[in-house]
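Asker: First the structure, which I've put down as structure tokens, then a few questions once you've had a look.
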Amino acid sequence: MQVPEPGLPAEVTIYEVGPRDGLQNEQTIVPLEVKAEFVRRLVAAGLPIVEATSFVHPKWVPQLADAADLMTELGEAGREHPVLVPNERGLDRALELGCKHIAIFGSATETFAQRNLNRSLDEQFAMFEPTVRRAREAGLDVRAYVSMCFGDPWEGDVPIDQVVSVGKRLFDLGASQLSLGDTIGVGTTGHVTALLDGFNAAGLADDVLAMHFHDTYGQALANAAAALRHGVTTFDASAGGLGGCPYAESATGNLATEDLVWMLHGLGIRTGVDLAALVETSVWMAGRLGRPSPSRVVTALG
Ligand code: HMG
Ligand code: MG
């Protein structure tokens with residue numbers, strides 16, 4: 001592999017969200033054993049972090065209602081996989097199963113806070129504060145997501161100051177990383193740079209930030225390249241480009257992990273991922289879901 005260009009990192013961490021962001025949006029409910037095999041195959045393909053599921057209300061996301069069973073099925077190794085937790089009830093469920101990494105997920109906009117969390121923008125902090133405090137007291141690592149960072153289907157443009165203010169508040173609750181979500185995939189490269197500049201000015205450096213792109217407008221990979229050149233070294237992605245949020249109109253799949261890996265390896269940046277094994281996993285998963293992967297790299301190599 002070539003040496004990365006000056007200014008680019010030697011290594012990038014891919015935070016795989018396929019089993020969670022990918023499967024939460026499927027029409028059909030994927031059987032437990034398929035989910036477990038998906039997670040295991042992703043680990044075997046070298047993905048260093050694989051978010052497994054969500055301890056949310058099962059009526060809100062029936063696709064992941066089997067979260068506890070999945071974690072039990074994954075056994076000891078399952079405890080290392082991050083899980084989404086919106087509140088103390090979710091935390092209790094995660095603690096019972098020995099989970100070590102949780103992720104809270106806030107909204108930069110009022111409308112999405114209401115629709116996704118049944119809380120106002122301000123009320124979401126009252127829900128997250130005791131959740132994060134208790135998680136930290138129990139020795140858990142906490143990631144925070146902030147959604148609708150680049151636009152909201154109901155509110156349109158979202159001011160950078162508003163995103164930075166919400167994101168910083170979420171991070172300051174006690175998170176080790178803040179993932180900036182382009183939930184509906186409307187962002188473009190200049191916006192990425194401006195948003196990162198905004199967070200840096202507020203004291204959050206690129207090394208505590210991760211980018212979470214959805215690919216609705218085909219901009220996800222370009223946006224990842226812009227964030228990489230800015231200094232971000234953690235990227236969320238979903239095997240085969242699965243994904244979307246059931247509570248966000250027009251959200252389609254995440255940035256495909258294969259597309260990201262192809263770009264990073266082409267730049268001489270290490271990921272630890274075995275691309276052939278990953279493509280094989282996405283082709284296998286597409287077979288289980290009954291439709292081809294939207295990823296260009298999966299199509300080319302699969
Ligand atoms: P709520 O209805 O307001 O809940 O939902 P509540 O606090 O009023 O409680 C009502 C009942 O639900 C109670 O039961 C609770 O125990 C129970 P009762 O006492 O009536 O019998 N309950 C729960 N049960 C199981 N697990 C729980 C839980 N919490 C309460 N965790 C809530 C509020 C937050 C729970 C709900 O809105 C919810 O589950 N939302 C999750 C939505 C979601 O998962 N969206 C997708 C993930 S976010 C995303 O995809 C974006 C991201 O990818 C980044 C990006 O792309 O931008 C991360
Ligand atoms: Mg998402």
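Identifiers in this document derive from the order of the structure tokens: chains are assigned A, B, ..., residues are numbered from 1 separately in each chain, and ligands are numbered from 1 in order of occurrence.
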What's around A:Arg169 at 12 Å? Count only C-alpha atoms, leave out sequence neighbours fewer than 2 positions away in its own chain, and write the answer as JSON, numbers by chain.
Answerer: {"A": [106, 107, 108, 121, 122, 124, 125, 126, 128, 129, 144, 145, 146, 162, 163, 164, 165, 166, 167, 171, 172, 173, 174, 175, 178, 199, 202, 203, 204]}
Asker: For the selection just defined, write its residues with C-alpha atoms to a file, as a CSV table (one decimal), in the first residue's frame.
Answerer:
```csv
chain,number,residue,atom,x,y,z
A,106,GLY,CA,-29.8,13.7,20.5
A,107,SER,CA,-31.4,16.0,17.9
A,108,ALA,CA,-30.1,19.4,16.7
A,121,LEU,CA,-35.1,19.9,22.2
A,122,ASP,CA,-34.6,21.0,25.9
A,124,GLN,CA,-34.0,15.6,25.6
A,125,PHE,CA,-31.1,16.8,27.9
A,126,ALA,CA,-33.2,16.0,31.0
A,128,PHE,CA,-29.9,12.1,28.8
A,129,GLU,CA,-28.3,13.7,31.8
A,144,ALA,CA,-23.1,10.9,21.8
A,145,TYR,CA,-24.8,11.3,18.4
A,146,VAL,CA,-26.3,14.5,17.2
A,162,GLN,CA,-27.5,25.6,16.8
A,163,VAL,CA,-25.8,22.3,15.9
A,164,VAL,CA,-22.7,23.3,17.7
A,165,SER,CA,-24.6,24.3,20.8
A,166,VAL,CA,-26.6,21.1,21.0
A,167,GLY,CA,-23.6,18.9,20.1
A,171,PHE,CA,-20.7,15.9,24.6
A,172,ASP,CA,-20.3,17.8,27.9
A,173,LEU,CA,-22.8,15.4,29.6
A,174,GLY,CA,-19.8,13.0,29.7
A,175,ALA,CA,-19.3,11.5,26.3
A,178,LEU,CA,-19.5,13.1,19.4
A,199,PHE,CA,-17.0,22.7,16.6
A,202,ALA,CA,-16.3,25.8,20.5
A,203,GLY,CA,-13.4,23.6,21.9
A,204,LEU,CA,-14.2,20.3,20.4
```
Asker: Mind listing the strand (DSSP E) residues of stretch 39-181 of chain A, per DSSP on the backbone, as an NGL selection string?
Answerer: :A and (49-50 or 53-54 or 83-84 or 101-107 or 141-147 or 177-181)
Asker: Got a sec: who's within 9 Å of A:Val208, counting only C-alpha atoms, leaving out chain neighbours fewer than 4 positions off, as JSON, numbers by chain?
Answerer: {"A": [176, 177, 178, 179, 204, 232, 234]}
Asker: Could you please extract the residues within 10 Å of ligand 2, counting only C-alpha atoms and all ligand atoms, and hand them back as a PyMOL selection string?
Answerer: chain A and resi 17-18+20-22+24-25+105+145-148+179-185+212-214+236-238+243-246+248+251-255
Asker: Can you list, as a PDB file with N, CA, C and O atoms, in the first residue's frame, every protein, DNA or RNA residue that comes within 10 Å of A:Ala222 when you count only C-alpha atoms, leaving out same-chain residues fewer than 2 positions away?
Answerer:
```
ATOM      1  N   GLY A 187     -26.001  17.149   3.221  1.00  0.00           N
ATOM      2  CA  GLY A 187     -24.789  17.962   3.361  1.00  0.00           C
ATOM      3  C   GLY A 187     -23.910  17.922   2.123  1.00  0.00           C
ATOM      4  O   GLY A 187     -23.946  16.984   1.330  1.00  0.00           O
ATOM      5  N   THR A 188     -23.099  18.971   1.992  1.00  0.00           N
ATOM      6  CA  THR A 188     -22.092  19.017   0.921  1.00  0.00           C
ATOM      7  C   THR A 188     -20.755  19.431   1.561  1.00  0.00           C
ATOM      8  O   THR A 188     -20.717  19.822   2.735  1.00  0.00           O
ATOM      9  N   THR A 189     -19.680  19.345   0.774  1.00  0.00           N
ATOM     10  CA  THR A 189     -18.346  19.410   1.392  1.00  0.00           C
ATOM     11  C   THR A 189     -18.040  20.726   2.127  1.00  0.00           C
ATOM     12  O   THR A 189     -17.430  20.703   3.186  1.00  0.00           O
ATOM     13  N   VAL A 192     -19.538  20.689   5.474  1.00  0.00           N
ATOM     14  CA  VAL A 192     -18.802  19.814   6.398  1.00  0.00           C
ATOM     15  C   VAL A 192     -17.661  20.594   7.042  1.00  0.00           C
ATOM     16  O   VAL A 192     -17.481  20.598   8.272  1.00  0.00           O
ATOM     17  N   GLY A 218     -26.042  11.245  -2.649  1.00  0.00           N
ATOM     18  CA  GLY A 218     -24.790  10.788  -3.264  1.00  0.00           C
ATOM     19  C   GLY A 218     -23.558  11.574  -2.827  1.00  0.00           C
ATOM     20  O   GLY A 218     -22.529  11.539  -3.505  1.00  0.00           O
ATOM     21  N   GLN A 219     -23.660  12.269  -1.693  1.00  0.00           N
ATOM     22  CA  GLN A 219     -22.548  13.129  -1.257  1.00  0.00           C
ATOM     23  C   GLN A 219     -21.714  12.514  -0.132  1.00  0.00           C
ATOM     24  O   GLN A 219     -20.718  13.097   0.306  1.00  0.00           O
ATOM     25  N   ALA A 220     -22.112  11.341   0.345  1.00  0.00           N
ATOM     26  CA  ALA A 220     -21.509  10.842   1.588  1.00  0.00           C
ATOM     27  C   ALA A 220     -19.992  10.637   1.482  1.00  0.00           C
ATOM     28  O   ALA A 220     -19.244  11.021   2.381  1.00  0.00           O
ATOM     29  N   ALA A 224     -17.080  12.617   3.415  1.00  0.00           N
ATOM     30  CA  ALA A 224     -16.091  11.934   4.259  1.00  0.00           C
ATOM     31  C   ALA A 224     -14.683  12.389   3.878  1.00  0.00           C
ATOM     32  O   ALA A 224     -13.838  12.616   4.755  1.00  0.00           O
ATOM     33  N   ALA A 225     -14.438  12.545   2.579  1.00  0.00           N
ATOM     34  CA  ALA A 225     -13.105  12.996   2.147  1.00  0.00           C
ATOM     35  C   ALA A 225     -12.814  14.400   2.682  1.00  0.00           C
ATOM     36  O   ALA A 225     -11.702  14.688   3.133  1.00  0.00           O
ATOM     37  N   ALA A 226     -13.839  15.259   2.679  1.00  0.00           N
ATOM     38  CA  ALA A 226     -13.642  16.625   3.193  1.00  0.00           C
ATOM     39  C   ALA A 226     -13.335  16.594   4.686  1.00  0.00           C
ATOM     40  O   ALA A 226     -12.439  17.308   5.169  1.00  0.00           O
ATOM     41  N   ALA A 227     -14.055  15.755   5.421  1.00  0.00           N
ATOM     42  CA  ALA A 227     -13.830  15.665   6.873  1.00  0.00           C
ATOM     43  C   ALA A 227     -12.459  15.054   7.172  1.00  0.00           C
ATOM     44  O   ALA A 227     -11.768  15.467   8.104  1.00  0.00           O
ATOM     45  N   LEU A 228     -12.059  14.093   6.358  1.00  0.00           N
ATOM     46  CA  LEU A 228     -10.743  13.462   6.527  1.00  0.00           C
ATOM     47  C   LEU A 228      -9.642  14.505   6.357  1.00  0.00           C
ATOM     48  O   LEU A 228      -8.712  14.594   7.162  1.00  0.00           O
ATOM     49  N   LEU A 260     -16.180   3.521   1.588  1.00  0.00           N
ATOM     50  CA  LEU A 260     -15.230   4.242   2.443  1.00  0.00           C
ATOM     51  C   LEU A 260     -13.880   3.524   2.471  1.00  0.00           C
ATOM     52  O   LEU A 260     -12.824   4.151   2.325  1.00  0.00           O
ATOM     53  N   MET A 263     -11.879   3.990  -0.730  1.00  0.00           N
ATOM     54  CA  MET A 263     -11.240   5.315  -0.803  1.00  0.00           C
ATOM     55  C   MET A 263     -10.035   5.385   0.136  1.00  0.00           C
ATOM     56  O   MET A 263      -8.951   5.839  -0.264  1.00  0.00           O
TER      57      MET A 263
END
```
Asker: Which polymer residues have any atom within 10 Å of an atom of A:Arg79, counting only C-alpha atoms, with same-chain residues fewer than 4 positions away left out, as a PyMOL selection string?
Answerer: chain A and resi 52+71-72+74-75+83+94-95+97-101
Asker: If we count only C-alpha atoms, what is near A:Val186 at a cut-off of 8 Å, once residues fewer than 5 positions away on the same chain are taken out, given as a VMD selection string?
Answerer: chain A and resid 150 to 151 216 to 217 219
Asker: What does the distance between atom 6 (P, counted along the ligand's line) of ligand 1 and atom CA of A:Val132 come to in Å, to one decimal place?
Answerer: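 Atom-to-atom, atom 6 (P, counted along the ligand's line) of ligand 1 to atom CA of A:Val132, that is 17.1 Å.
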Asker: Find the spatial neighbours of stretch 85-87 of chain A, counting only C-alpha atoms, within a cut-off of 7 Å - ignore same-chain residues fewer than 5 positions away - and output them as a PDB file with N, CA, C and O atoms, in the first residue's frame.
Answerer:
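Saved file result-v9.pdb follows:
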```
ATOM      1  N   SER A  54     -30.164  -1.526  19.522  1.00  0.00           N
ATOM      2  CA  SER A  54     -30.651  -0.382  20.310  1.00  0.00           C
ATOM      3  C   SER A  54     -31.556  -0.855  21.431  1.00  0.00           C
ATOM      4  O   SER A  54     -32.469  -1.660  21.188  1.00  0.00           O
ATOM      5  N   PHE A  55     -31.350  -0.303  22.616  1.00  0.00           N
ATOM      6  CA  PHE A  55     -32.269  -0.551  23.729  1.00  0.00           C
ATOM      7  C   PHE A  55     -33.269   0.604  23.805  1.00  0.00           C
ATOM      8  O   PHE A  55     -33.314   1.353  24.769  1.00  0.00           O
ATOM      9  N   VAL A  56     -34.047   0.720  22.716  1.00  0.00           N
ATOM     10  CA  VAL A  56     -35.095   1.740  22.642  1.00  0.00           C
ATOM     11  C   VAL A  56     -36.429   1.059  22.920  1.00  0.00           C
ATOM     12  O   VAL A  56     -36.490  -0.148  23.183  1.00  0.00           O
ATOM     13  N   ILE A 102     -22.178   2.497  25.459  1.00  0.00           N
ATOM     14  CA  ILE A 102     -23.511   2.910  25.015  1.00  0.00           C
ATOM     15  C   ILE A 102     -23.389   4.184  24.172  1.00  0.00           C
ATOM     16  O   ILE A 102     -22.380   4.895  24.238  1.00  0.00           O
ATOM     17  N   ALA A 103     -24.440   4.454  23.421  1.00  0.00           N
ATOM     18  CA  ALA A 103     -24.489   5.694  22.646  1.00  0.00           C
ATOM     19  C   ALA A 103     -25.856   6.342  22.858  1.00  0.00           C
ATOM     20  O   ALA A 103     -26.887   5.679  22.683  1.00  0.00           O
ATOM     21  N   ILE A 104     -25.823   7.603  23.279  1.00  0.00           N
ATOM     22  CA  ILE A 104     -27.066   8.370  23.346  1.00  0.00           C
ATOM     23  C   ILE A 104     -27.229   9.075  22.000  1.00  0.00           C
ATOM     24  O   ILE A 104     -26.257   9.238  21.261  1.00  0.00           O
ATOM     25  N   PHE A 105     -28.445   9.489  21.697  1.00  0.00           N
ATOM     26  CA  PHE A 105     -28.649  10.115  20.379  1.00  0.00           C
ATOM     27  C   PHE A 105     -29.604  11.289  20.506  1.00  0.00           C
ATOM     28  O   PHE A 105     -30.786  11.128  20.697  1.00  0.00           O
ATOM     29  N   MET A 127     -33.501  13.907  29.810  1.00  0.00           N
ATOM     30  CA  MET A 127     -33.547  12.447  29.660  1.00  0.00           C
ATOM     31  C   MET A 127     -32.116  11.875  29.624  1.00  0.00           C
ATOM     32  O   MET A 127     -31.831  10.837  30.223  1.00  0.00           O
ATOM     33  N   PHE A 128     -31.230  12.582  28.921  1.00  0.00           N
ATOM     34  CA  PHE A 128     -29.870  12.053  28.751  1.00  0.00           C
ATOM     35  C   PHE A 128     -28.990  12.254  29.990  1.00  0.00           C
ATOM     36  O   PHE A 128     -28.094  11.446  30.240  1.00  0.00           O
ATOM     37  N   THR A 131     -28.956   9.480  32.449  1.00  0.00           N
ATOM     38  CA  THR A 131     -28.540   8.269  31.722  1.00  0.00           C
ATOM     39  C   THR A 131     -27.013   8.243  31.607  1.00  0.00           C
ATOM     40  O   THR A 131     -26.365   7.237  31.936  1.00  0.00           O
TER      41      THR A 131
END
```
Asker: From the set A:Leu91, A:Leu221, A:Val34, A:Ala205, which residue has the shortest atom-to-atom contact distance to A:Gly287, counting only C-alpha atoms?
Answerer: A:Val34
Asker: Which of stretch 80-198 of chain A end up as helix (DSSP H, G or I) when DSSP is run on this backbone - answer as a ChimeraX atom specification?
Answerer: /A:88-96,110-117,123-137,160-172,189-198
Asker: So that I have them on file, write out the residues from the current selection with C-alpha atoms, as a PDB file, in the first residue's frame.
Answerer:
```pdb
ATOM      1  CA  GLU A  88     -32.485   5.279  31.969  1.00  0.00           C
ATOM      2  CA  ARG A  89     -34.806   2.415  31.098  1.00  0.00           C
ATOM      3  CA  GLY A  90     -32.608   1.613  28.106  1.00  0.00           C
ATOM      4  CA  LEU A  91     -29.519   1.919  30.288  1.00  0.00           C
ATOM      5  CA  ASP A  92     -30.925  -0.543  32.835  1.00  0.00           C
ATOM      6  CA  ARG A  93     -31.519  -3.044  30.055  1.00  0.00           C
ATOM      7  CA  ALA A  94     -27.972  -2.561  28.737  1.00  0.00           C
ATOM      8  CA  LEU A  95     -26.435  -2.819  32.226  1.00  0.00           C
ATOM      9  CA  GLU A  96     -28.283  -6.069  32.923  1.00  0.00           C
ATOM     10  CA  GLU A 110     -36.964  20.672  17.771  1.00  0.00           C
ATOM     11  CA  THR A 111     -39.079  18.688  15.284  1.00  0.00           C
ATOM     12  CA  PHE A 112     -36.812  15.662  15.142  1.00  0.00           C
ATOM     13  CA  ALA A 113     -36.432  15.644  18.944  1.00  0.00           C
ATOM     14  CA  GLN A 114     -40.225  15.387  19.132  1.00  0.00           C
ATOM     15  CA  ARG A 115     -40.530  12.781  16.417  1.00  0.00           C
ATOM     16  CA  ASN A 116     -37.604  10.555  17.360  1.00  0.00           C
ATOM     17  CA  LEU A 117     -37.550  10.894  21.146  1.00  0.00           C
ATOM     18  CA  GLU A 123     -36.347  17.990  27.401  1.00  0.00           C
ATOM     19  CA  GLN A 124     -33.957  15.605  25.646  1.00  0.00           C
ATOM     20  CA  PHE A 125     -31.147  16.801  27.926  1.00  0.00           C
ATOM     21  CA  ALA A 126     -33.172  15.989  31.035  1.00  0.00           C
ATOM     22  CA  MET A 127     -33.547  12.447  29.660  1.00  0.00           C
ATOM     23  CA  PHE A 128     -29.870  12.053  28.751  1.00  0.00           C
ATOM     24  CA  GLU A 129     -28.296  13.676  31.821  1.00  0.00           C
ATOM     25  CA  PRO A 130     -29.072  10.936  34.398  1.00  0.00           C
ATOM     26  CA  THR A 131     -28.540   8.269  31.722  1.00  0.00           C
ATOM     27  CA  VAL A 132     -24.993   9.423  31.013  1.00  0.00           C
ATOM     28  CA  ARG A 133     -24.210  10.124  34.679  1.00  0.00           C
ATOM     29  CA  ARG A 134     -25.241   6.629  35.759  1.00  0.00           C
ATOM     30  CA  ALA A 135     -23.506   5.017  32.783  1.00  0.00           C
ATOM     31  CA  ARG A 136     -20.247   6.785  33.643  1.00  0.00           C
ATOM     32  CA  GLU A 137     -20.585   5.860  37.321  1.00  0.00           C
ATOM     33  CA  ILE A 160     -24.358  25.779  12.420  1.00  0.00           C
ATOM     34  CA  ASP A 161     -24.475  27.635  15.763  1.00  0.00           C
ATOM     35  CA  GLN A 162     -27.516  25.585  16.783  1.00  0.00           C
ATOM     36  CA  VAL A 163     -25.833  22.290  15.868  1.00  0.00           C
ATOM     37  CA  VAL A 164     -22.663  23.256  17.720  1.00  0.00           C
ATOM     38  CA  SER A 165     -24.596  24.345  20.793  1.00  0.00           C
ATOM     39  CA  VAL A 166     -26.636  21.098  20.996  1.00  0.00           C
ATOM     40  CA  GLY A 167     -23.629  18.926  20.136  1.00  0.00           C
ATOM     41  CA  LYS A 168     -21.449  20.530  22.776  1.00  0.00           C
ATOM     42  CA  ARG A 169     -24.155  20.161  25.412  1.00  0.00           C
ATOM     43  CA  LEU A 170     -24.502  16.464  24.589  1.00  0.00           C
ATOM     44  CA  PHE A 171     -20.749  15.914  24.607  1.00  0.00           C
ATOM     45  CA  ASP A 172     -20.322  17.798  27.885  1.00  0.00           C
ATOM     46  CA  THR A 189     -18.346  19.410   1.392  1.00  0.00           C
ATOM     47  CA  GLY A 190     -18.184  23.132   2.207  1.00  0.00           C
ATOM     48  CA  HIS A 191     -20.846  22.642   4.855  1.00  0.00           C
ATOM     49  CA  VAL A 192     -18.802  19.814   6.398  1.00  0.00           C
ATOM     50  CA  THR A 193     -15.759  22.038   6.701  1.00  0.00           C
ATOM     51  CA  ALA A 194     -17.771  24.929   8.133  1.00  0.00           C
ATOM     52  CA  LEU A 195     -19.449  22.694  10.706  1.00  0.00           C
ATOM     53  CA  LEU A 196     -16.129  21.211  11.817  1.00  0.00           C
ATOM     54  CA  ASP A 197     -14.651  24.711  12.075  1.00  0.00           C
ATOM     55  CA  GLY A 198     -17.636  25.643  14.265  1.00  0.00           C
TER      56      GLY A 198
END
```
Asker: Which is closest to ligand 1 among A:Thr53, A:Gln27, A:Asn118, A:Ser293, if we use only C-alpha atoms and all ligand atoms?
Answerer: A:Asn118
Asker: Could you tell me how far atom 47 (C, counted along the ligand's line) of ligand 1 lies from atom CA of A:Ala67, in Å and to one decimal?
Answerer: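 Atom-to-atom, atom 47 (C, counted along the ligand's line) of ligand 1 to atom CA of A:Ala67, that is 13.3 Å.
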Asker: Between A:His81, A:Arg291, A:Arg270, A:Arg143, single out the one closest to A:Ala36, counting only C-alpha atoms.
Answerer: A:His81
Asker: Rounded to one decimal in Å, what is the spacing between atom CA of A:Leu70 and atom CA of A:Asp215?
Answerer: 27.6 Å
